[in-house]
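Engineer: Right, I'll just put the structure down here and ask away after.
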Amino acid sequence: MEFPSFSVEGRGALVTGASKGIGRHVALTLANAGADVVVSGRDETELAEVVALIRALGREATAIPAELADAEAVKRLGAEALAACPRLDILVNNAGISVPEPALDQSLDAWDRTLAVNLRAPFLLSQLCARHMKDLGGGKIINIGSQSGEVGLKDHAAYCASKGGLHNLTRALAVEWGPDNINVNCVAPTVILTPMGQMAWGDPVKAQGMLDQIPLGRFGVENDVSSAVLFLASPAGDLVHGQILAVDGGFTAR
């Protein structure tokens, strides 16, 4: 009898936006499950801390700072990650930004930066890594989307557009790359109480309106997202493909 395995022993992973919050927790979760991890972000000090924590778990770790709004920097990140981790068969496109503005006042700069980081960068990294994964005989690409990719959210036109695009990009890449044994999926969380999430939603009065729309009645924590990522990255998730896995307490079930 065969039982599910959530081990990623012997695999290599690249996690973007890994200096803090969800990305940091995902990187550490993958390392704890056996993966060597390349971490990317903008803060070199915070990345160094993540690298130290991964190495303390007995895994290899490399930090590559990158500004994902810059297409050339994204390409360099992909090339350097593949050089640092020749067995890179897990990509987690986690990095994302949000610049809340009313749609009528949406600035072109904020629109372009949001789409560049949240949608263009995941596509470019997926494209680079998929070529490598094809040669390996397969791999896992996991995008971090949002409940805002499925529903509208006030003052978040650019963010909703970018995450909606990322969700459908996930489906399109899954259709194209499935024959190469490259799983492509997306995790779509609700509000996650990272330090940044605490700043945005820590006020109980402000939070209540959102909580009222979540049937489970709570926001998420980093472990809720990293658990879903580990499932998809591991052999346990091998037949899950082209899916948007909502980790939202039922927000989008309404």
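Ligands are numbered from 1 in the order shown, chains are lettered A, B, ... in the order of the structure tokens, and residues start at 1 in each chain.
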Excluding range 46-55 of chain A and residues on its chain fewer than 2 positions from it, collect all residues at most 8 Å away from it, counting only C-alpha atoms, and give them as a list in words.
Structural biologist: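 With the cut-off at 8 Å, the set is Ala18, Ser19, Lys20, Arg24, Ala27, Leu28, Ala31, Asn32, Val37, Val39, Ser40, Gly41, Asp43, Glu44, Leu57, Gly58, Arg59, Glu60, Ala61, Thr62, Ala63 and Pro65 of chain A.
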Engineer: Could you save the residues just selected, with C-alpha atoms, as a CSV table (one decimal), in the first residue's frame?
Structural biologist:
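What landed in result-v4.csv:
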```
chain,number,residue,atom,x,y,z
A,18,ALA,CA,11.3,35.3,0.5
A,19,SER,CA,12.8,38.0,2.8
A,20,LYS,CA,9.6,38.2,5.0
A,24,ARG,CA,9.9,33.5,4.2
A,27,ALA,CA,11.1,28.9,2.0
A,28,LEU,CA,11.6,27.5,5.5
A,31,ALA,CA,13.7,23.5,3.6
A,32,ASN,CA,12.2,21.7,6.6
A,37,VAL,CA,16.3,26.7,-1.5
A,39,VAL,CA,15.6,32.9,-1.8
A,40,SER,CA,15.1,36.2,-3.5
A,41,GLY,CA,13.9,39.6,-2.3
A,43,ASP,CA,16.3,43.3,1.5
A,44,GLU,CA,19.7,41.7,1.7
A,57,LEU,CA,17.9,23.0,9.1
A,58,GLY,CA,20.7,21.3,7.3
A,59,ARG,CA,19.8,22.4,3.8
A,60,GLU,CA,21.7,24.4,1.2
A,61,ALA,CA,20.6,28.0,0.7
A,62,THR,CA,21.5,30.9,-1.6
A,63,ALA,CA,20.3,34.5,-1.5
A,65,PRO,CA,18.5,40.0,-4.3
```
Engineer: Apply DSSP to the backbone of this structure and, from range 30-66 of chain A, keep only the residues in alpha helix (DSSP H); write these as a PDB file with C-alpha atoms, in the first residue's frame.
Structural biologist:
```
ATOM      1  CA  LEU A  30      10.287  23.657   1.888  1.00  0.00           C
ATOM      2  CA  ALA A  31      13.702  23.459   3.554  1.00  0.00           C
ATOM      3  CA  ASN A  32      12.209  21.662   6.554  1.00  0.00           C
ATOM      4  CA  GLU A  44      19.733  41.685   1.662  1.00  0.00           C
ATOM      5  CA  THR A  45      19.860  41.694   5.479  1.00  0.00           C
ATOM      6  CA  GLU A  46      16.548  39.881   5.792  1.00  0.00           C
ATOM      7  CA  LEU A  47      17.531  37.422   3.059  1.00  0.00           C
ATOM      8  CA  ALA A  48      20.733  36.641   4.940  1.00  0.00           C
ATOM      9  CA  GLU A  49      18.661  35.798   8.017  1.00  0.00           C
ATOM     10  CA  VAL A  50      16.499  33.403   5.988  1.00  0.00           C
ATOM     11  CA  VAL A  51      19.588  31.747   4.519  1.00  0.00           C
ATOM     12  CA  ALA A  52      20.991  31.206   8.027  1.00  0.00           C
ATOM     13  CA  LEU A  53      17.720  29.630   9.173  1.00  0.00           C
ATOM     14  CA  ILE A  54      17.610  27.303   6.158  1.00  0.00           C
ATOM     15  CA  ARG A  55      21.206  26.211   6.721  1.00  0.00           C
ATOM     16  CA  ALA A  56      20.385  25.550  10.379  1.00  0.00           C
TER      17      ALA A  56
END
```
Engineer: I'd like to know which of A:Val175, A:Ala35, A:Ala84, A:Ile22 is closest to Glu9 in chain A, using only C-alpha atoms.
Structural biologist: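 Smallest distance to Glu9 in chain A is found for A:Ala35.
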Engineer: Considering only C-alpha atoms, state which residue in the set A:Ser5, A:Asn93, A:Ser98, A:Asn185 is at the smallest distance from Leu115 in chain A.
Structural biologist: A:Ser98
Engineer: I'd like the contact shell of range 210-217 of chain A - 10 Å cut-off, only C-alpha atoms, skipping same-chain residues fewer than 5 positions apart - returned as a count of residues only.
Structural biologist: 12
Engineer: As an exercise, work out the distance from CA of Leu230 in chain A to CA of Lys163 in chain A in Å and give it to one decimal place.
Structural biologist: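 It comes out at 20.8 Å.
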Engineer: So that I can check the surroundings of Ala130 in chain A, please list as a ChimeraX atom specification every protein, DNA and RNA residue that reaches within 8 Å of it, counting only C-alpha atoms and ignoring chain neighbours fewer than 6 positions away.
Structural biologist: /A:139,177,182
Engineer: Using only C-alpha atoms, determine which residues lie at most 10 Å from His241 in chain A, disregarding the query and same-chain residues fewer than 6 positions distant; provide the list as an MDAnalysis selection string.
Structural biologist: chainID A and resid 140:141 170:171 173:175 178 181:186 232
Engineer: For Phe219 in chain A, which residue among A:Ser234, A:Thr194, A:Ser148, A:Ser126 is the nearest when counting only C-alpha atoms?
Structural biologist: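 Going through A:Ser234, A:Thr194, A:Ser148, A:Ser126 one by one, the smallest distance to Phe219 in chain A is for A:Thr194.
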Engineer: Given only C-alpha atoms as the basis, pick out the residue of A:His132, A:Leu239, A:Ala188, A:Leu193 nearest to Glu222 in chain A.
Structural biologist: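 Distance minimum relative to Glu222 in chain A lands on A:Leu193.
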Engineer: Go through A:Arg218, A:Met199, A:Ala69, A:Ala228 one by one, measure the shortest atom-to-atom distance of each to Ala110 in chain A using only C-alpha atoms, and give the residue with the smallest value.
Structural biologist: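 Answer, going by the shortest atom-to-atom distance: A:Ala69.
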Engineer: Ranking A:Glu150, A:Glu72, A:Asp180, A:Asp112 by minimum distance to Leu125 in chain A and counting only C-alpha atoms, which one comes first?
Structural biologist: A:Glu72
Engineer: Would you list, as a PyMOL selection string, the residues of range 27-199 of chain A that end up in strand (DSSP E or B) under DSSP run on this structure's backbone?
Structural biologist: chain A and resi 36-41+61-65+88-93+101+139-144+156+182-189+192
Engineer: Mind checking which residues fall within 10 Å of Gln127 in chain A, counting only C-alpha atoms, ignoring those fewer than 6 positions away in the same chain, and posting them as a PyMOL selection string?
Structural biologist: chain A and resi 75+78+121+133+173
